[in-house]
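Worksheet: the structure to be examined is printed underneath.
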Amino acid sequence: MRMSAFFRALRTSYQAEIDDLASDSEGKDVLHQRLLEKRGQMGFLGQMMETAPEMVAVAFHGGFHFELPAVMEQLLTLESDEFPDWDSLGDAIQLTPWAKDMAAVLLKQPQGDWFMTVAATLEYVYQRPSPHQQESALEPEHTEHGARRQARNLDHGHDFDADDDHAHKNDQEHDEASTDWLEGQGFDRKE
């Protein structure tokens with residue numbers, strides 16, 4: 001799926017922000033500590049929501065759970081003036097308790113809804129597998145897990161695996177729920 005110019009530009013900046021926070025001058029992993037510091041500065045950082053959303057959004061790193069990836073993929077295609085209301089994304093995006101508390105402060109500001117959509121989408125892009133990882137996932141015989149699954153199928157004399165069938169069924173239900181939500185938001189249904 002294509003990505004809007006808005007998110008293409010911010011994606012690199014967001015990645016750079018996380019990379020800058022990740023390690024100190026000695027190469028030690030200090031991401032957790034630095035994120036806690038940023039979260040403590042939310043009053044100040046909130047002033048930069050519009051001008052440098054990626055610098056504020058990193059404070060929410062690890063605070064989102066994405067329930068409907070198809071909705072997130074659709075958000076990636078939108079320009080900054082096309083976002084739905086933040087409240088309408090409640091089924092697609094869940095916040096951890098600490099992130100809910102921070103979001104409550106920012107949502108009181110005029111651009112709070114807009115910013116939370118930006119922050120969630122940037123985190124989604126950060127967590128999203130790269131196209132290369134997605135391609136290799138389509139070729140399971142090249143992975144250790146794929147080889148084990150192939151061996152298991154051969155041991156049982158069939159190509160059916162109940163776990164794989166259950167996961168596939170869950171994926172289909174998840175995709176259908178995502179499609180229903182998108183349609184409810186006014187997007188055309190893709191068949």
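Each chain in the structure tokens gets a letter, A, B, ..., in the order shown, and its residues are numbered from 1; ligands are numbered from 1 in order too.
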
message: Which residues are near Thr96 (chain A)? Cut-off 10 Å, only C-alpha atoms, ignore same chain within fewer than 5 positions. Put them as a PyMOL selection string.
response: chain A and resi 60+62-65+101

Go ahead and write the selection's residues with N, CA, C and O atoms as an mmCIF file, in the first residue's frame.
```cif
data_model
loop_
_atom_site.group_PDB
_atom_site.id
_atom_site.type_symbol
_atom_site.label_atom_id
_atom_site.label_comp_id
_atom_site.auth_asym_id
_atom_site.auth_seq_id
_atom_site.Cartn_x
_atom_site.Cartn_y
_atom_site.Cartn_z
ATOM 1 N N PHE A 60 5.600 8.235 23.134
ATOM 2 C CA PHE A 60 4.580 7.187 23.142
ATOM 3 C C PHE A 60 5.126 5.843 22.635
ATOM 4 O O PHE A 60 4.369 4.875 22.541
ATOM 5 N N GLY A 62 6.095 2.337 22.214
ATOM 6 C CA GLY A 62 5.743 1.167 23.016
ATOM 7 C C GLY A 62 4.405 1.292 23.722
ATOM 8 O O GLY A 62 4.013 0.380 24.450
ATOM 9 N N GLY A 63 3.689 2.381 23.497
ATOM 10 C CA GLY A 63 2.436 2.606 24.198
ATOM 11 C C GLY A 63 1.175 2.280 23.419
ATOM 12 O O GLY A 63 0.073 2.488 23.912
ATOM 13 N N PHE A 64 1.342 1.789 22.193
ATOM 14 C CA PHE A 64 0.189 1.482 21.341
ATOM 15 C C PHE A 64 0.111 -0.011 21.047
ATOM 16 O O PHE A 64 1.131 -0.671 20.890
ATOM 17 N N HIS A 65 -1.115 -0.512 20.941
ATOM 18 C CA HIS A 65 -1.382 -1.864 20.441
ATOM 19 C C HIS A 65 -2.318 -1.682 19.253
ATOM 20 O O HIS A 65 -3.335 -0.993 19.356
ATOM 21 N N ASP A 101 -2.753 7.980 30.021
ATOM 22 C CA ASP A 101 -2.609 9.147 30.893
ATOM 23 C C ASP A 101 -1.960 10.309 30.144
ATOM 24 O O ASP A 101 -2.393 11.452 30.256
#
```

message: I'd like the contact shell of Glu123 (chain A) - 9 Å cut-off, only C-alpha atoms, skipping same-chain residues fewer than 3 positions apart - returned as a PyMOL selection string.
response: chain A and resi 11+14+57-58+60-64+118-120+126-128

Preceding selection exported with all heavy atoms as a CSV table (one decimal), in the first residue's frame:
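Result went into selection_0.csv, see below:
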```csv
chain,number,residue,atom,x,y,z
A,11,ARG,N,8.4,9.5,8.8
A,11,ARG,CA,8.9,8.2,9.1
A,11,ARG,C,10.3,8.2,9.4
A,11,ARG,O,10.8,7.6,10.4
A,11,ARG,CB,8.5,7.2,8.0
A,11,ARG,CG,9.1,5.8,8.2
A,11,ARG,CD,8.9,4.9,7.1
A,11,ARG,NE,9.5,5.5,5.9
A,11,ARG,CZ,9.4,5.0,4.7
A,11,ARG,NH1,8.8,3.8,4.5
A,11,ARG,NH2,10.0,5.5,3.6
A,14,TYR,N,11.2,10.1,12.6
A,14,TYR,CA,10.8,9.3,13.8
A,14,TYR,C,11.8,8.2,14.1
A,14,TYR,O,12.2,8.1,15.3
A,14,TYR,CB,9.4,8.7,13.6
A,14,TYR,CG,8.8,8.0,14.8
A,14,TYR,CD1,8.2,8.7,15.8
A,14,TYR,CD2,8.8,6.6,14.9
A,14,TYR,CE1,7.7,8.1,16.9
A,14,TYR,CE2,8.2,5.9,16.0
A,14,TYR,CZ,7.7,6.7,17.0
A,14,TYR,OH,7.1,6.1,18.1
A,57,ALA,N,6.1,12.4,19.5
A,57,ALA,CA,5.5,11.1,19.3
A,57,ALA,C,6.4,10.0,19.9
A,57,ALA,O,5.9,9.0,20.4
A,57,ALA,CB,5.3,10.8,17.8
A,58,VAL,N,7.7,10.2,19.9
A,58,VAL,CA,8.6,9.1,20.4
A,58,VAL,C,8.3,8.8,21.9
A,58,VAL,O,8.6,7.7,22.4
A,58,VAL,CB,10.1,9.4,20.2
A,58,VAL,CG1,10.4,9.4,18.8
A,58,VAL,CG2,10.5,10.7,20.9
A,60,PHE,N,5.6,8.2,23.1
A,60,PHE,CA,4.6,7.2,23.1
A,60,PHE,C,5.1,5.8,22.6
A,60,PHE,O,4.4,4.9,22.5
A,60,PHE,CB,3.4,7.6,22.3
A,60,PHE,CG,2.5,8.6,22.9
A,60,PHE,CD1,2.7,10.0,22.8
A,60,PHE,CD2,1.4,8.2,23.7
A,60,PHE,CE1,1.9,10.9,23.4
A,60,PHE,CE2,0.6,9.2,24.4
A,60,PHE,CZ,0.9,10.5,24.2
A,61,HIS,N,6.4,5.8,22.3
A,61,HIS,CA,7.0,4.5,21.8
A,61,HIS,C,6.7,3.4,22.7
A,61,HIS,O,7.0,3.4,23.9
A,61,HIS,CB,8.5,4.7,21.6
A,61,HIS,CG,9.2,3.5,21.1
A,61,HIS,ND1,8.9,3.0,19.9
A,61,HIS,CD2,10.2,2.8,21.6
A,61,HIS,CE1,9.7,1.9,19.7
A,61,HIS,NE2,10.5,1.8,20.7
A,62,GLY,N,6.1,2.3,22.2
A,62,GLY,CA,5.7,1.2,23.0
A,62,GLY,C,4.4,1.3,23.7
A,62,GLY,O,4.0,0.4,24.5
A,63,GLY,N,3.7,2.4,23.5
A,63,GLY,CA,2.4,2.6,24.2
A,63,GLY,C,1.2,2.3,23.4
A,63,GLY,O,0.1,2.5,23.9
A,64,PHE,N,1.3,1.8,22.2
A,64,PHE,CA,0.2,1.5,21.3
A,64,PHE,C,0.1,0.0,21.0
A,64,PHE,O,1.1,-0.7,20.9
A,64,PHE,CB,0.3,2.2,20.0
A,64,PHE,CG,0.3,3.7,20.1
A,64,PHE,CD1,1.4,4.4,19.9
A,64,PHE,CD2,-0.9,4.4,20.3
A,64,PHE,CE1,1.4,5.8,20.0
A,64,PHE,CE2,-0.9,5.8,20.3
A,64,PHE,CZ,0.3,6.5,20.2
A,118,VAL,N,-1.2,11.0,14.4
A,118,VAL,CA,0.1,11.0,13.9
A,118,VAL,C,1.0,10.1,14.7
A,118,VAL,O,1.8,9.3,14.2
A,118,VAL,CB,0.7,12.4,13.8
A,118,VAL,CG1,2.2,12.4,13.5
A,118,VAL,CG2,-0.1,13.3,12.9
A,119,ALA,N,1.0,10.2,16.0
A,119,ALA,CA,1.9,9.4,16.9
A,119,ALA,C,1.6,7.9,16.7
A,119,ALA,O,2.6,7.1,16.6
A,119,ALA,CB,1.7,9.9,18.4
A,120,ALA,N,0.3,7.6,16.7
A,120,ALA,CA,0.0,6.1,16.6
A,120,ALA,C,0.5,5.6,15.2
A,120,ALA,O,1.0,4.5,15.1
A,120,ALA,CB,-1.5,5.9,16.7
A,126,TYR,N,6.9,2.2,12.5
A,126,TYR,CA,8.1,1.7,13.1
A,126,TYR,C,8.0,0.2,13.4
A,126,TYR,O,9.0,-0.5,13.2
A,126,TYR,CB,8.3,2.5,14.4
A,126,TYR,CG,9.6,2.2,15.1
A,126,TYR,CD1,10.8,2.7,14.7
A,126,TYR,CD2,9.6,1.3,16.2
A,126,TYR,CE1,12.0,2.3,15.3
A,126,TYR,CE2,10.8,0.9,16.8
A,126,TYR,CZ,12.0,1.4,16.4
A,126,TYR,OH,13.2,1.1,17.0
A,127,GLN,N,6.9,-0.2,13.9
A,127,GLN,CA,6.8,-1.6,14.3
A,127,GLN,C,6.5,-2.5,13.1
A,127,GLN,O,6.7,-3.7,13.1
A,127,GLN,CB,5.6,-1.8,15.3
A,127,GLN,CG,5.9,-1.2,16.6
A,127,GLN,CD,4.7,-1.4,17.5
A,127,GLN,OE1,3.8,-2.2,17.3
A,127,GLN,NE2,4.7,-0.7,18.6
A,128,ARG,N,6.0,-2.0,12.0
A,128,ARG,CA,5.6,-2.7,10.8
A,128,ARG,C,6.7,-3.4,10.1
A,128,ARG,O,7.8,-2.8,10.0
A,128,ARG,CB,4.9,-1.7,9.9
A,128,ARG,CG,4.4,-2.2,8.6
A,128,ARG,CD,3.8,-1.0,7.9
A,128,ARG,NE,3.6,-1.3,6.5
A,128,ARG,CZ,3.7,-0.4,5.5
A,128,ARG,NH1,4.0,0.9,5.8
A,128,ARG,NH2,3.4,-0.7,4.3
```

Selection near Gln109 (chain A), 12 Å with only C-alpha atoms, sequence-local residues under 3 positions removed, as a short mmCIF file (atom, residue, chain, number, x, y, z; two decimals) with N, CA and C atoms, in the first residue's frame:
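Produced file selection_34.cif, reproduced below:
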```cif
data_model
loop_
_atom_site.label_atom_id
_atom_site.label_comp_id
_atom_site.auth_asym_id
_atom_site.auth_seq_id
_atom_site.Cartn_x
_atom_site.Cartn_y
_atom_site.Cartn_z
N GLY A 43 4.59 18.20 29.32
CA GLY A 43 4.05 19.56 29.32
C GLY A 43 4.79 20.45 28.33
N GLY A 46 4.51 19.00 24.59
CA GLY A 46 3.19 19.21 23.99
C GLY A 46 3.13 20.47 23.14
N GLN A 47 3.99 21.42 23.42
CA GLN A 47 4.02 22.66 22.64
C GLN A 47 4.54 22.44 21.22
N MET A 48 5.19 21.31 21.00
CA MET A 48 5.78 21.02 19.68
C MET A 48 4.95 20.04 18.87
N MET A 49 3.73 19.74 19.30
CA MET A 49 2.91 18.73 18.61
C MET A 49 2.75 19.01 17.12
N GLU A 50 2.53 20.26 16.76
CA GLU A 50 2.29 20.60 15.36
C GLU A 50 3.57 20.79 14.58
N ALA A 103 -1.89 10.72 26.86
CA ALA A 103 -2.80 11.13 25.79
C ALA A 103 -3.90 12.03 26.33
N ALA A 104 -4.40 11.74 27.53
CA ALA A 104 -5.47 12.54 28.11
C ALA A 104 -5.05 14.00 28.23
N VAL A 105 -3.80 14.24 28.57
CA VAL A 105 -3.28 15.60 28.69
C VAL A 105 -3.25 16.27 27.32
N LEU A 106 -2.72 15.56 26.32
CA LEU A 106 -2.57 16.14 24.98
C LEU A 106 -3.90 16.31 24.26
N GLY A 112 -4.79 18.01 19.67
CA GLY A 112 -4.54 16.73 20.34
C GLY A 112 -4.99 15.52 19.54
N ASP A 113 -6.20 15.58 18.97
CA ASP A 113 -6.71 14.45 18.16
C ASP A 113 -5.78 14.20 16.98
N TRP A 114 -5.43 15.27 16.30
CA TRP A 114 -4.55 15.18 15.12
C TRP A 114 -3.21 14.56 15.52
N PHE A 115 -2.64 15.06 16.60
CA PHE A 115 -1.34 14.56 17.04
C PHE A 115 -1.38 13.08 17.41
N MET A 116 -2.40 12.66 18.15
CA MET A 116 -2.47 11.25 18.57
C MET A 116 -2.56 10.33 17.35
#
```

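Residues lying within 12 Å of Ala9 (chain A), counting only C-alpha atoms and ignoring same-chain neighbours fewer than 5 positions away, are Met3, Ser4, Tyr14, Gln15, Ala16, Ala52, Pro53, Glu54, Leu76, Glu79, Ser80 and Leu122 of chain A.
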
Keeping only all heavy atoms, write the selected residues to a file as a short mmCIF file (atom, residue, chain, number, x, y, z; two decimals), in the first residue's frame.
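Writing done, so here's selection_12.cif:
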```cif
data_model
loop_
_atom_site.label_atom_id
_atom_site.label_comp_id
_atom_site.auth_asym_id
_atom_site.auth_seq_id
_atom_site.Cartn_x
_atom_site.Cartn_y
_atom_site.Cartn_z
N MET A 3 2.17 5.11 0.79
CA MET A 3 2.25 5.93 1.98
C MET A 3 2.20 7.38 1.55
O MET A 3 2.84 7.77 0.57
CB MET A 3 3.56 5.63 2.71
CG MET A 3 3.68 6.30 4.05
SD MET A 3 5.26 5.93 4.88
CE MET A 3 5.20 4.16 5.01
N SER A 4 1.44 8.20 2.26
CA SER A 4 1.33 9.61 1.90
C SER A 4 2.68 10.31 2.06
O SER A 4 3.55 9.85 2.80
CB SER A 4 0.28 10.30 2.77
OG SER A 4 0.74 10.40 4.11
N TYR A 14 11.16 10.07 12.64
CA TYR A 14 10.76 9.31 13.83
C TYR A 14 11.79 8.23 14.13
O TYR A 14 12.22 8.05 15.27
CB TYR A 14 9.38 8.69 13.59
CG TYR A 14 8.79 7.98 14.80
CD1 TYR A 14 8.24 8.71 15.84
CD2 TYR A 14 8.78 6.59 14.87
CE1 TYR A 14 7.68 8.06 16.94
CE2 TYR A 14 8.22 5.95 15.96
CZ TYR A 14 7.67 6.69 17.00
OH TYR A 14 7.12 6.05 18.09
N GLN A 15 12.22 7.52 13.09
CA GLN A 15 13.24 6.49 13.25
C GLN A 15 14.53 7.11 13.80
O GLN A 15 15.15 6.55 14.71
CB GLN A 15 13.53 5.81 11.90
CG GLN A 15 14.66 4.80 11.94
CD GLN A 15 14.31 3.56 12.71
OE1 GLN A 15 13.27 2.96 12.47
NE2 GLN A 15 15.16 3.17 13.63
N ALA A 16 14.91 8.27 13.28
CA ALA A 16 16.12 8.95 13.73
C ALA A 16 16.00 9.36 15.19
O ALA A 16 16.97 9.26 15.96
CB ALA A 16 16.41 10.16 12.85
N ALA A 52 6.83 19.77 15.34
CA ALA A 52 7.76 18.64 15.31
C ALA A 52 7.09 17.42 15.94
O ALA A 52 7.53 16.93 16.99
CB ALA A 52 9.05 19.00 16.03
N PRO A 53 6.01 16.91 15.32
CA PRO A 53 5.26 15.82 15.94
C PRO A 53 6.11 14.58 16.21
O PRO A 53 5.86 13.87 17.19
CB PRO A 53 4.14 15.54 14.95
CG PRO A 53 4.57 16.13 13.66
CD PRO A 53 5.48 17.27 14.00
N GLU A 54 7.10 14.31 15.37
CA GLU A 54 7.93 13.12 15.57
C GLU A 54 8.73 13.19 16.87
O GLU A 54 9.00 12.17 17.51
CB GLU A 54 8.86 12.90 14.37
CG GLU A 54 10.02 13.86 14.25
CD GLU A 54 9.67 15.23 13.67
OE1 GLU A 54 8.50 15.51 13.38
OE2 GLU A 54 10.61 16.03 13.49
N LEU A 76 -2.03 5.37 6.83
CA LEU A 76 -0.74 5.68 6.19
C LEU A 76 -0.90 6.39 4.85
O LEU A 76 0.01 7.09 4.42
CB LEU A 76 0.06 4.40 5.97
CG LEU A 76 0.78 3.84 7.16
CD1 LEU A 76 1.40 2.50 6.81
CD2 LEU A 76 1.84 4.80 7.64
N GLU A 79 -3.13 12.25 4.01
CA GLU A 79 -2.33 13.44 4.26
C GLU A 79 -2.77 14.03 5.60
O GLU A 79 -3.80 13.65 6.16
CB GLU A 79 -2.50 14.46 3.13
CG GLU A 79 -1.89 13.99 1.80
CD GLU A 79 -0.38 13.77 1.83
OE1 GLU A 79 0.31 14.34 2.71
OE2 GLU A 79 0.12 13.02 0.98
N SER A 80 -2.02 14.97 6.11
CA SER A 80 -2.21 15.47 7.47
C SER A 80 -3.56 16.15 7.70
O SER A 80 -3.97 16.30 8.85
CB SER A 80 -1.09 16.42 7.85
OG SER A 80 -1.12 17.58 7.03
N LEU A 122 2.89 6.76 13.26
CA LEU A 122 4.35 6.67 13.21
C LEU A 122 4.85 5.44 13.96
O LEU A 122 5.77 4.76 13.50
CB LEU A 122 4.98 7.94 13.78
CG LEU A 122 4.86 9.18 12.92
CD1 LEU A 122 5.40 10.40 13.66
CD2 LEU A 122 5.59 8.99 11.59
#
```

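If only C-alpha atoms are the atoms counted, then among A:Pro84, A:Pro69, A:Gly90, A:Pro110 the closest residue to Tyr124 (chain A) is A:Pro69.
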
query: Could you pull out all residues of region 29-97 of chain A with a DSSP call of helix (DSSP H, G or I) and give them as a PyMOL selection string?
result: chain A and resi 31-40+42-48+53-60+69-76+86-89+97

Given the selection you just returned, output its residues as a file containing N, CA, C and O atoms, formatted as a compact mmCIF listing (two decimals), in the first residue's frame.
```txt
# COMPACT_ATOMS: atom_id res chain seq x y z
N LEU A 31 17.63 3.55 25.91
CA LEU A 31 16.34 3.94 25.35
C LEU A 31 15.26 4.06 26.42
O LEU A 31 14.56 5.07 26.50
N HIS A 32 15.13 3.05 27.25
CA HIS A 32 14.08 3.06 28.28
C HIS A 32 14.23 4.28 29.19
O HIS A 32 13.25 4.99 29.47
N GLN A 33 15.43 4.53 29.65
CA GLN A 33 15.68 5.66 30.55
C GLN A 33 15.36 6.99 29.87
O GLN A 33 14.71 7.85 30.44
N ARG A 34 15.78 7.14 28.64
CA ARG A 34 15.53 8.39 27.92
C ARG A 34 14.07 8.59 27.58
O ARG A 34 13.57 9.71 27.56
N LEU A 35 13.36 7.49 27.29
CA LEU A 35 11.92 7.61 27.05
C LEU A 35 11.19 8.06 28.31
O LEU A 35 10.28 8.88 28.26
N LEU A 36 11.61 7.53 29.46
CA LEU A 36 11.00 7.96 30.72
C LEU A 36 11.23 9.45 30.95
O LEU A 36 10.33 10.16 31.41
N GLU A 37 12.43 9.93 30.63
CA GLU A 37 12.72 11.36 30.76
C GLU A 37 11.81 12.18 29.85
O GLU A 37 11.26 13.21 30.26
N LYS A 38 11.67 11.74 28.60
CA LYS A 38 10.80 12.46 27.65
C LYS A 38 9.36 12.49 28.15
O LYS A 38 8.68 13.51 28.04
N ARG A 39 8.91 11.37 28.67
CA ARG A 39 7.53 11.30 29.16
C ARG A 39 7.30 12.26 30.33
O ARG A 39 6.21 12.77 30.51
N GLY A 40 8.35 12.50 31.10
CA GLY A 40 8.26 13.45 32.20
C GLY A 40 8.24 14.90 31.73
O GLY A 40 7.93 15.80 32.50
N MET A 42 6.35 16.01 29.17
CA MET A 42 5.22 16.10 28.25
C MET A 42 4.60 17.50 28.20
O MET A 42 4.16 17.94 27.15
N GLY A 43 4.59 18.20 29.32
CA GLY A 43 4.05 19.56 29.32
C GLY A 43 4.79 20.45 28.33
O GLY A 43 4.18 21.18 27.55
N PHE A 44 6.11 20.36 28.36
CA PHE A 44 6.93 21.15 27.43
C PHE A 44 6.82 20.60 26.00
O PHE A 44 6.63 21.34 25.05
N LEU A 45 6.93 19.30 25.87
CA LEU A 45 6.91 18.69 24.54
C LEU A 45 5.59 18.92 23.82
O LEU A 45 5.55 19.03 22.60
N GLY A 46 4.51 19.00 24.59
CA GLY A 46 3.19 19.21 23.99
C GLY A 46 3.13 20.47 23.14
O GLY A 46 2.32 20.55 22.21
N GLN A 47 3.99 21.42 23.42
CA GLN A 47 4.02 22.66 22.64
C GLN A 47 4.54 22.44 21.22
O GLN A 47 4.35 23.29 20.35
N MET A 48 5.19 21.31 21.00
CA MET A 48 5.78 21.02 19.68
C MET A 48 4.95 20.04 18.87
O MET A 48 5.41 19.54 17.84
N PRO A 53 6.01 16.91 15.32
CA PRO A 53 5.26 15.82 15.94
C PRO A 53 6.11 14.58 16.21
O PRO A 53 5.86 13.87 17.19
N GLU A 54 7.10 14.31 15.37
CA GLU A 54 7.93 13.12 15.57
C GLU A 54 8.73 13.19 16.87
O GLU A 54 9.00 12.17 17.51
N MET A 55 9.11 14.40 17.30
CA MET A 55 9.88 14.56 18.53
C MET A 55 9.01 14.32 19.76
O MET A 55 9.50 13.87 20.79
N VAL A 56 7.73 14.59 19.65
CA VAL A 56 6.80 14.36 20.75
C VAL A 56 6.30 12.91 20.70
O VAL A 56 6.17 12.24 21.72
N ALA A 57 6.07 12.41 19.50
CA ALA A 57 5.51 11.07 19.32
C ALA A 57 6.39 9.98 19.91
O ALA A 57 5.87 8.97 20.39
N VAL A 58 7.71 10.17 19.91
CA VAL A 58 8.58 9.12 20.45
C VAL A 58 8.30 8.85 21.92
O VAL A 58 8.57 7.74 22.39
N ALA A 59 7.76 9.82 22.64
CA ALA A 59 7.42 9.59 24.04
C ALA A 59 6.38 8.48 24.18
O ALA A 59 6.29 7.82 25.21
N PHE A 60 5.60 8.24 23.13
CA PHE A 60 4.58 7.19 23.14
C PHE A 60 5.13 5.84 22.63
O PHE A 60 4.37 4.88 22.54
N PRO A 69 -4.86 -3.78 11.78
CA PRO A 69 -3.79 -3.30 10.90
C PRO A 69 -4.30 -2.69 9.59
O PRO A 69 -3.68 -1.76 9.07
N ALA A 70 -5.42 -3.17 9.07
CA ALA A 70 -5.94 -2.60 7.82
C ALA A 70 -6.30 -1.13 8.01
O ALA A 70 -6.13 -0.32 7.10
N VAL A 71 -6.79 -0.78 9.18
CA VAL A 71 -7.10 0.62 9.47
C VAL A 71 -5.81 1.44 9.49
O VAL A 71 -5.75 2.54 8.93
N MET A 72 -4.78 0.88 10.11
CA MET A 72 -3.49 1.59 10.17
C MET A 72 -2.91 1.76 8.76
O MET A 72 -2.37 2.82 8.43
N GLU A 73 -3.05 0.73 7.94
CA GLU A 73 -2.55 0.83 6.56
C GLU A 73 -3.30 1.93 5.81
O GLU A 73 -2.70 2.65 5.02
N GLN A 74 -4.59 2.08 6.08
CA GLN A 74 -5.36 3.13 5.44
C GLN A 74 -4.91 4.51 5.94
O GLN A 74 -4.78 5.44 5.16
N LEU A 75 -4.66 4.62 7.24
CA LEU A 75 -4.19 5.90 7.79
C LEU A 75 -2.88 6.33 7.14
O LEU A 75 -2.66 7.52 6.92
N LEU A 76 -2.03 5.37 6.83
CA LEU A 76 -0.74 5.68 6.19
C LEU A 76 -0.90 6.39 4.85
O LEU A 76 0.01 7.09 4.42
N TRP A 86 -9.96 11.10 16.40
CA TRP A 86 -9.21 10.14 17.23
C TRP A 86 -10.16 9.14 17.89
O TRP A 86 -9.87 7.95 17.93
N ASP A 87 -11.30 9.61 18.38
CA ASP A 87 -12.25 8.71 19.05
C ASP A 87 -12.74 7.60 18.12
O ASP A 87 -13.05 6.50 18.57
N SER A 88 -12.80 7.86 16.83
CA SER A 88 -13.28 6.84 15.89
C SER A 88 -12.26 5.73 15.68
O SER A 88 -12.58 4.69 15.11
N LEU A 89 -11.04 5.91 16.17
CA LEU A 89 -9.98 4.90 15.99
C LEU A 89 -9.86 3.97 17.20
O LEU A 89 -8.96 3.15 17.25
N PRO A 97 -1.90 1.73 29.75
CA PRO A 97 -2.36 2.67 30.78
C PRO A 97 -1.52 3.94 30.89
O PRO A 97 -2.05 5.04 30.98
```
